[in-house]
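What's in structure-v1.txt: compact mmCIF, C-alpha atoms
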# COMPACT_ATOMS: atom_id res chain seq x y z
CA MET J 748 -18.41 -36.10 9.14
CA ILE J 749 -16.25 -38.47 7.14
CA THR J 750 -17.53 -37.47 3.68
CA ALA J 751 -16.87 -33.81 4.48
CA LEU J 752 -13.33 -34.73 5.52
CA ILE J 753 -12.81 -36.71 2.29
CA ARG J 754 -14.17 -33.83 0.22
CA SER J 755 -11.81 -31.35 1.87
CA GLU J 756 -8.75 -33.62 1.51
CA LEU J 757 -9.43 -34.78 -2.06
CA PRO J 758 -7.73 -31.84 -3.88
CA ARG J 759 -4.46 -32.65 -2.11
CA MET J 760 -4.46 -36.38 -2.87
CA SER J 761 -2.44 -38.12 -5.57
CA GLY J 762 -4.14 -39.66 -8.60
CA SER J 763 -4.61 -43.15 -7.14
CA LEU J 764 -5.80 -41.92 -3.74
CA ARG J 765 -8.12 -39.46 -5.47
CA LYS J 766 -9.75 -42.35 -7.39
CA VAL J 767 -10.60 -44.06 -4.11
CA GLY J 768 -11.96 -40.86 -2.60
CA GLU J 769 -14.07 -40.04 -5.64
CA LEU J 770 -15.67 -43.49 -5.67
CA VAL J 771 -16.44 -43.31 -1.94
CA LEU J 772 -18.06 -39.89 -2.36
CA ALA J 773 -19.99 -41.00 -5.44
CA ASP J 774 -21.61 -43.91 -3.58
CA PRO J 775 -20.84 -43.99 0.18
CA ALA J 776 -23.40 -46.75 0.77
CA ALA J 777 -21.77 -49.09 -1.75
CA ALA J 778 -18.35 -48.35 -0.28
CA THR J 779 -19.41 -49.86 3.04
CA HIS J 780 -19.88 -53.28 1.44
CA GLY J 781 -16.84 -55.37 0.70
CA SER J 782 -13.19 -55.48 1.61
CA ALA J 783 -10.36 -53.04 1.01
CA ALA J 784 -9.14 -55.31 -1.78
CA GLU J 785 -12.55 -55.14 -3.49
CA LEU J 786 -12.62 -51.35 -3.24
CA GLY J 787 -9.13 -51.29 -4.72
CA ARG J 788 -10.26 -53.40 -7.68
CA ARG J 789 -13.31 -51.21 -8.27
CA THR J 790 -11.11 -48.11 -8.45
CA GLY J 791 -8.40 -49.73 -10.56
CA THR J 792 -5.90 -49.38 -7.72
CA SER J 793 -5.00 -51.85 -4.95
CA GLN J 794 -5.64 -52.81 -1.35
CA ALA J 795 -2.46 -50.98 -0.34
CA THR J 796 -3.76 -47.80 -1.99
CA VAL J 797 -7.03 -48.04 -0.06
CA THR J 798 -5.04 -48.45 3.16
CA ARG J 799 -2.95 -45.38 2.30
CA PHE J 800 -6.16 -43.48 1.54
CA CYS J 801 -7.47 -44.25 5.03
CA ARG J 802 -4.22 -43.14 6.64
CA ALA J 803 -4.25 -39.92 4.61
CA LEU J 804 -7.57 -39.15 6.31
CA GLY J 805 -6.07 -39.81 9.73
CA LEU J 806 -7.91 -43.12 10.13
CA GLU J 807 -6.25 -46.13 11.71
CA SER J 808 -7.70 -48.73 9.33
CA TYR J 809 -10.14 -49.50 6.54
CA GLN J 810 -12.53 -50.84 9.16
CA GLN J 811 -12.63 -47.43 10.80
CA LEU J 812 -13.57 -45.91 7.44
CA LEU J 813 -16.45 -48.39 7.11
CA ILE J 814 -17.68 -47.56 10.61
CA GLU J 815 -17.52 -43.80 9.98
CA LEU J 816 -19.40 -44.15 6.69
CA ALA J 817 -22.07 -46.37 8.21
CA GLN J 818 -22.62 -44.01 11.14
CA GLU J 819 -22.89 -41.02 8.84
CA GLN J 820 -25.42 -42.80 6.63
CA GLY J 821 -27.49 -43.63 9.70
CA ARG J 822 -27.55 -40.00 10.81
CA ALA J 823 -28.35 -38.85 7.28
CA ALA J 824 -31.27 -41.26 6.92
CA ALA J 825 -32.81 -39.78 10.06
CA ALA J 826 -32.13 -36.11 9.39
CA GLU J 827 -31.45 -35.33 5.73
CA PRO J 828 -34.26 -33.71 3.74
CA PRO J 829 -35.27 -35.30 0.40
CA SER J 830 -33.51 -32.50 -1.49
CA ALA J 831 -30.15 -33.91 -0.39
CA ALA J 832 -30.46 -36.42 -3.23
CA LEU J 833 -30.05 -33.60 -5.74
CA GLY J 834 -26.29 -33.77 -5.48
CA PRO J 835 -23.86 -31.04 -6.56
CA ARG J 836 -24.41 -31.14 -10.33
CA ILE J 837 -26.22 -28.52 -12.42
CA GLY J 838 -26.62 -29.40 -16.09
CA PRO J 839 -27.57 -27.20 -19.06
CA ALA J 840 -31.08 -28.68 -19.21
CA ASP J 841 -31.90 -28.46 -15.49
CA ASP J 842 -34.79 -26.20 -14.54
CA LEU J 843 -34.61 -23.30 -12.08
CA GLU J 844 -36.12 -25.35 -9.26
CA HIS J 845 -33.26 -27.82 -9.54
CA VAL J 846 -30.67 -25.02 -9.55
CA ILE J 847 -32.15 -23.46 -6.39
CA GLY J 848 -32.33 -26.85 -4.70
CA VAL J 849 -28.73 -27.77 -5.51
CA VAL J 850 -27.30 -24.43 -4.39
CA ALA J 851 -29.36 -24.28 -1.19
CA GLU J 852 -28.58 -27.87 -0.22
CA ALA J 853 -24.85 -27.42 -0.91
CA ASP J 854 -24.73 -24.36 1.33
CA LEU J 855 -26.77 -26.00 4.09
CA ARG J 856 -24.57 -29.09 3.95
CA ALA J 857 -21.39 -26.98 4.20
CA LEU J 858 -22.83 -25.07 7.16
CA ARG J 859 -23.83 -28.30 8.93
CA HIS J 860 -20.43 -29.87 8.39
CA THR J 861 -18.60 -26.74 9.55
CA ALA J 862 -20.75 -26.42 12.68
CA GLU J 863 -20.45 -30.11 13.57
CA LEU J 864 -16.71 -30.37 13.03
CA LEU J 865 -15.66 -26.92 14.26
CA ASP J 866 -13.00 -27.31 16.93
CA ARG J 867 -14.65 -25.82 20.03
CA GLU J 868 -11.43 -25.51 21.99
CA ALA J 869 -9.70 -23.73 19.10
CA LEU J 870 -12.67 -21.39 18.63
CA GLU J 871 -12.61 -20.51 22.33
CA ARG J 872 -8.87 -19.81 22.25
CA ALA J 873 -9.30 -17.62 19.18
CA ALA J 874 -12.18 -15.68 20.72
CA GLN J 875 -10.27 -15.14 23.96
CA ALA J 876 -7.25 -13.85 22.01
CA LEU J 877 -9.38 -11.42 19.99
CA ALA J 878 -11.29 -10.25 23.07
CA ARG J 879 -8.13 -9.20 24.89
CA ALA J 880 -6.15 -7.96 21.86
CA ARG J 881 -4.99 -4.37 21.76
CA ARG J 882 -5.26 -4.50 17.99
CA ILE J 883 -6.48 -7.06 15.44
CA ASP J 884 -5.16 -7.46 11.89
CA VAL J 885 -7.26 -9.40 9.36
CA TYR J 886 -5.52 -10.67 6.19
CA GLY J 887 -7.13 -11.97 3.00
CA VAL J 888 -7.10 -11.37 -0.75
CA GLY J 889 -9.59 -12.01 -3.55
CA GLY J 890 -12.70 -13.70 -2.20
CA SER J 891 -11.07 -13.96 1.21
CA GLY J 892 -10.49 -10.21 1.06
CA ILE J 893 -14.26 -9.70 0.96
CA VAL J 894 -14.62 -11.84 4.08
CA ALA J 895 -11.69 -9.97 5.69
CA HIS J 896 -13.57 -6.68 5.35
CA GLU J 897 -16.71 -8.33 6.72
CA THR J 898 -14.72 -9.63 9.69
CA GLN J 899 -13.33 -6.16 10.35
CA ALA J 900 -16.81 -4.62 10.20
CA ARG J 901 -18.20 -7.09 12.71
CA LEU J 902 -15.36 -6.74 15.20
CA TYR J 903 -15.03 -2.98 14.80
CA GLY J 904 -18.74 -2.61 15.51
CA ILE J 905 -18.32 -4.10 18.99
CA GLY J 906 -15.37 -1.94 19.94
CA CYS J 907 -12.40 -4.01 18.73
CA ALA J 908 -9.53 -2.15 17.08
CA ALA J 909 -9.68 -4.30 13.94
CA HIS J 910 -8.41 -3.53 10.45
CA ALA J 911 -8.58 -5.59 7.23
CA TRP J 912 -5.54 -5.70 4.97
CA THR J 913 -6.00 -7.02 1.43
CA GLU J 914 -2.72 -5.88 -0.11
CA VAL J 915 0.38 -7.80 0.91
CA HIS J 916 2.81 -4.88 1.32
CA ALA J 917 0.41 -2.93 3.53
CA ALA J 918 -0.37 -6.12 5.46
CA GLU J 919 3.32 -6.78 6.10
CA VAL J 920 3.90 -3.19 7.25
CA SER J 921 1.07 -3.58 9.73
CA ALA J 922 2.29 -7.01 10.82
CA ALA J 923 5.78 -5.66 11.47
CA LEU J 924 4.30 -3.16 13.94
CA LEU J 925 2.36 -5.72 15.97
CA THR J 926 3.23 -6.77 19.52
CA PRO J 927 2.47 -9.73 21.81
CA SER J 928 -0.62 -7.78 22.89
CA ASP J 929 -2.11 -8.08 19.39
CA ALA J 930 -3.88 -10.75 17.35
CA VAL J 931 -4.20 -11.73 13.68
CA VAL J 932 -6.88 -13.51 11.66
CA ALA J 933 -5.67 -14.81 8.27
CA LEU J 934 -8.26 -16.08 5.78
CA SER J 935 -7.31 -18.47 2.96
CA HIS J 936 -9.41 -21.30 1.53
CA SER J 937 -6.37 -23.12 0.11
CA GLY J 938 -4.17 -22.22 3.05
CA ALA J 939 -1.32 -21.52 0.63
CA THR J 940 -2.05 -17.92 -0.40
CA ARG J 941 1.23 -16.03 0.03
CA GLU J 942 -0.52 -12.69 0.55
CA ALA J 943 -2.11 -14.06 3.72
CA LEU J 944 0.68 -16.42 4.77
CA GLU J 945 3.58 -13.97 4.69
CA PRO J 946 2.07 -11.28 6.97
CA LEU J 947 0.81 -14.00 9.31
CA ARG J 948 4.34 -15.36 9.67
CA LEU J 949 5.69 -11.88 10.27
CA ALA J 950 3.00 -11.22 12.89
CA ALA J 951 3.95 -14.49 14.60
CA ASP J 952 7.58 -13.38 14.66
CA ARG J 953 6.43 -10.20 16.42
CA GLY J 954 4.71 -12.31 19.08
CA ALA J 955 1.10 -11.67 18.08
CA THR J 956 -1.45 -14.49 18.49
CA THR J 957 -2.24 -15.84 15.02
CA VAL J 958 -5.51 -17.45 13.89
CA ALA J 959 -5.94 -19.15 10.50
CA VAL J 960 -9.35 -19.78 8.92
CA THR J 961 -8.83 -22.24 6.07
CA GLY J 962 -10.33 -25.17 4.22
CA ASP J 963 -7.10 -27.17 4.62
CA PRO J 964 -6.01 -27.98 8.20
CA ARG J 965 -2.66 -29.29 6.90
CA SER J 966 -1.83 -26.26 4.76
CA PRO J 967 1.13 -23.89 5.25
CA ILE J 968 -1.07 -21.23 6.84
CA ALA J 969 -2.53 -23.74 9.28
CA GLN J 970 0.94 -24.96 10.20
CA ALA J 971 2.18 -21.39 10.75
CA ALA J 972 -0.76 -20.24 12.91
CA ASP J 973 -1.20 -20.67 16.65
CA ILE J 974 -4.87 -21.57 16.17
CA THR J 975 -6.61 -23.10 13.12
CA LEU J 976 -10.35 -23.05 12.35
CA THR J 977 -11.45 -25.25 9.44
CA SER J 978 -14.28 -24.52 6.99
CA PHE J 979 -15.99 -26.87 4.56
CA SER J 980 -16.98 -26.16 1.00
CA GLY J 981 -20.46 -26.01 -0.48
CA GLU J 982 -19.24 -26.64 -4.01
CA THR J 983 -21.59 -27.12 -6.95
CA SER J 984 -21.24 -26.68 -10.69
CA PHE J 985 -19.90 -23.14 -11.29
CA ARG J 986 -19.02 -22.69 -7.59
CA ARG J 987 -15.55 -23.89 -6.71
CA GLY J 988 -12.87 -23.18 -4.14
CA ASN J 989 -13.24 -19.99 -2.13
CA PHE J 990 -16.62 -19.13 -3.65
CA GLY J 991 -18.08 -22.46 -2.62
CA THR J 992 -16.84 -22.15 0.97
CA ARG J 993 -17.82 -18.50 1.60
CA HIS J 994 -20.90 -19.24 3.71
CA SER J 995 -19.11 -21.67 6.03
CA VAL J 996 -16.26 -19.17 6.54
CA LEU J 997 -18.82 -16.50 7.44
CA LEU J 998 -20.36 -18.95 9.92
CA ILE J 999 -16.97 -19.24 11.65
CA VAL J 1000 -16.58 -15.45 11.60
CA ASP J 1001 -20.05 -15.03 13.08
CA CYS J 1002 -19.29 -17.52 15.85
CA LEU J 1003 -16.06 -15.68 16.64
CA TYR J 1004 -17.87 -12.34 16.59
CA ALA J 1005 -20.66 -13.53 18.89
CA ARG J 1006 -18.24 -15.11 21.37
CA VAL J 1007 -15.98 -12.02 21.42
CA ALA J 1008 -19.05 -9.82 21.98
CA GLN J 1009 -20.06 -12.08 24.86
CA LEU J 1010 -16.59 -11.98 26.39
CA THR J 1011 -16.49 -8.17 26.14
CA TYR J 1012 -20.15 -7.70 26.97
CA GLU J 1013 -20.06 -4.17 28.43
CA ARG J 1014 -17.82 -2.77 25.69
CA ALA J 1015 -19.73 -4.54 22.94
CA THR J 1016 -23.18 -3.44 24.08
CA ALA J 1017 -21.97 0.13 24.61
CA SER J 1018 -20.49 0.21 21.10
CA ILE J 1019 -23.69 -1.16 19.55
CA ALA J 1020 -25.76 1.41 21.47
CA LEU J 1021 -23.56 4.28 20.28
CA THR J 1022 -23.85 3.28 16.61
CA SER J 1023 -27.36 1.81 16.34
CA HIS J 1024 -28.89 5.09 15.14
CA ILE J 1025 -26.55 5.51 12.16
CA ALA J 1026 -28.21 3.09 9.74
CA GLU J 1027 -31.62 4.47 10.64
CA GLY J 1028 -30.41 7.99 9.89
CA HIS J 1029 -29.57 6.97 6.32
CA ALA J 1030 -32.87 5.25 5.58
CA ALA J 1031 -34.69 6.71 2.57
CA ARG J 1032 -37.97 8.43 3.31
CA PRO J 1033 -40.98 7.72 1.10
CA ARG J 1034 -41.86 10.61 -1.18
CA ARG J 1035 -45.07 12.49 -0.55
CA ARG J 1036 -47.52 12.51 -3.35
CA GLY J 1037 -48.99 15.88 -4.16
Spit out the file's structure as structure tokens when you get a sec.
Amino acid sequence: MITALIRSELPRMSGSLRKVGELVLADPAAATHGSAAELGRRTGTSQATVTRFCRALGLESYQQLLIELAQEQGRAAAAEPPSAALGPRIGPADDLEHVIGVVAEADLRALRHTAELLDREALERAAQALARARRIDVYGVGGSGIVAHETQARLYGIGCAAHAWTEVHAAEVSAALLTPSDAVVALSHSGATREALEPLRLAADRGATTVAVTGDPRSPIAQAADITLTSFSGETSFRRGNFGTRHSVLLIVDCLYARVAQLTYERATASIALTSHIAEGHAARPRRRG
């Protein structure tokens, strides 16, 4: 979806291009009326800036931007729930119902955008690489480190030799020991986190298949990886960057997990069967009343 693409590219745009993007996001319907010159005047920029904005999005022309916006508005009118009008803002006087609505809609919107725009061919290549890998390294720090451990838990539970590394020195040691029979998943919302980028590059040098999960498909980590999977952010007031994109990253991880389990069906089902009793064995028993 074009607004999701604009939202993901906006942090990397210059001041003048950002003005155009912010106005389009603020009122996509109004942006579809008028020429590129008029949009330039409304943003205090120029027609040339609007043209550069379109090219920065990978569009051929301003007309293509208008078409994409119009098509998206048509789909939204048919499918979007009324709560979509809440927008991303939470103010100090807003009631709890508004807060819940804004957060839920932001997350649902991010999930929809991620699912719709997820590169199927790239996801299949990534799943195939993980399914056949002798060993899988997962890199991530901070918020991405939490997702890295979650990714390890999912893959390990279906019989994959996966390990999460959230400290750069340990990650690089592991990466240096990888082979062409191995695979790597590096998680970074910005795509520029050195602690994820450096071990990924080292793993690539060792011949391992490298997968990047990032919010920026043009970032250093995306450029360094063999395969890139792009997430979209569910940002609201108080939820920015990695925190805002967590649910859409987990959606990608879940899709990878499910496809790998499918590709390794016998091993996956056997692993699940061998471990299914463990959680039940740790369930608390209700106390008897005397």
**OP:** Would you work out the distance separating atom CA of Ser793 of chain J from atom CA of His780 of chain J, expressed in Å to one decimal?
**Re:**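 Atom CA of His780 of chain J lies 16.3 Å from atom CA of Ser793 of chain J.
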**OP:** Using all atoms listed in the file, determine which residues lie at most 10 Å from segment 992-998 of chain J, disregarding the query and same-chain residues fewer than 3 positions distant; provide the list as a count of residues only.
**Re:** 38
**OP:** Fewer than 5 positions away in the same chain doesn't count, so skip those; otherwise give me all residues within 9 Å of Glu769 of chain J, counting all atoms listed in the file, as a ChimeraX atom specification.
**Re:** /J:753-754,757,764,774
Up to 12 Å from (-3.2, -33.7, -3.6) in the file's coordinates: name the residues, counting only C-alpha atoms, as a short mmCIF file (atom, residue, chain, number, x, y, z; two decimals) with C-alpha atoms, keeping the file's coordinate frame.
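For reference, selection-v6.cif as written:
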data_model
loop_
_atom_site.label_atom_id
_atom_site.label_comp_id
_atom_site.auth_asym_id
_atom_site.auth_seq_id
_atom_site.Cartn_x
_atom_site.Cartn_y
_atom_site.Cartn_z
CA ILE J 753 -12.81 -36.71 2.29
CA ARG J 754 -14.17 -33.83 0.22
CA SER J 755 -11.81 -31.35 1.87
CA GLU J 756 -8.75 -33.62 1.51
CA LEU J 757 -9.43 -34.78 -2.06
CA PRO J 758 -7.73 -31.84 -3.88
CA ARG J 759 -4.46 -32.65 -2.11
CA MET J 760 -4.46 -36.38 -2.87
CA SER J 761 -2.44 -38.12 -5.57
CA GLY J 762 -4.14 -39.66 -8.60
CA SER J 763 -4.61 -43.15 -7.14
CA LEU J 764 -5.80 -41.92 -3.74
CA ARG J 765 -8.12 -39.46 -5.47
CA LYS J 766 -9.75 -42.35 -7.39
CA GLY J 768 -11.96 -40.86 -2.60
CA PHE J 800 -6.16 -43.48 1.54
CA ALA J 803 -4.25 -39.92 4.61
CA SER J 937 -6.37 -23.12 0.11
CA ASP J 963 -7.10 -27.17 4.62
CA ARG J 965 -2.66 -29.29 6.90
CA SER J 966 -1.83 -26.26 4.76
#
**OP:** Calculate how many Å separate atom CA of Asp866 of chain J from atom CA of Gly954 of chain J, rounding to one decimal.
**Re:** 23.3 Å
Original post:
Pick the closest to Ala876 of chain J from J:Leu925, J:Ala1015, J:Ala1030, J:Ala930: which is it, counting only C-alpha atoms?
Top reply: J:Ala930
Mind working out the centre and edge lengths of an axis-aligned box for segment 840-857 of chain J, all listed atoms inside, 3 Å added to each side, rounded to one decimal in Å and written as lines of an AutoDock Vina configuration file?
center_x = -28.8
center_y = -26.2
center_z = -7.5
size_x = 20.7
size_y = 11.8
size_z = 29.4
So that I can check the surroundings of Thr975 of chain J, please list as a compact mmCIF listing (two decimals) with C-alpha atoms, in the frame of the given file every protein, DNA and RNA residue that reaches within 9 Å of it, counting only C-alpha atoms and ignoring chain neighbours fewer than 2 positions away.
# COMPACT_ATOMS: atom_id res chain seq x y z
CA ASP J 866 -13.00 -27.31 16.93
CA ALA J 869 -9.70 -23.73 19.10
CA LEU J 870 -12.67 -21.39 18.63
CA ALA J 873 -9.30 -17.62 19.18
CA THR J 957 -2.24 -15.84 15.02
CA VAL J 958 -5.51 -17.45 13.89
CA ALA J 959 -5.94 -19.15 10.50
CA VAL J 960 -9.35 -19.78 8.92
CA THR J 961 -8.83 -22.24 6.07
CA PRO J 964 -6.01 -27.98 8.20
CA ILE J 968 -1.07 -21.23 6.84
CA ALA J 969 -2.53 -23.74 9.28
CA GLN J 970 0.94 -24.96 10.20
CA ALA J 972 -0.76 -20.24 12.91
CA ASP J 973 -1.20 -20.67 16.65
CA THR J 977 -11.45 -25.25 9.44
Original post:
From the list J:Leu949, J:Tyr903, J:Ala933, J:Arg1035, which residue is nearest His916 of chain J when using only C-alpha atoms?
Top reply: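 Of J:Leu949, J:Tyr903, J:Ala933, J:Arg1035, the one nearest His916 of chain J is J:Leu949, counting only C-alpha atoms.
The nearest approach to Leu816 of chain J among the residues J:Leu865, J:Ala880, J:Gly787, J:Ala751, with only C-alpha atoms taken into account, belongs to J:Ala751.
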**OP:** Would you mind reading off the distance between atom CA of Ile749 of chain J and atom CA of Val849 of chain J, one decimal, in Å?
**Re:**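 Distance between the two atoms: 20.7 Å.
Ranking J:Val885, J:Ala874, J:Ile999, J:Ala900 by their shortest atom-to-atom distance to Leu944 of chain J, with all atoms listed in the file included, puts J:Val885 first.
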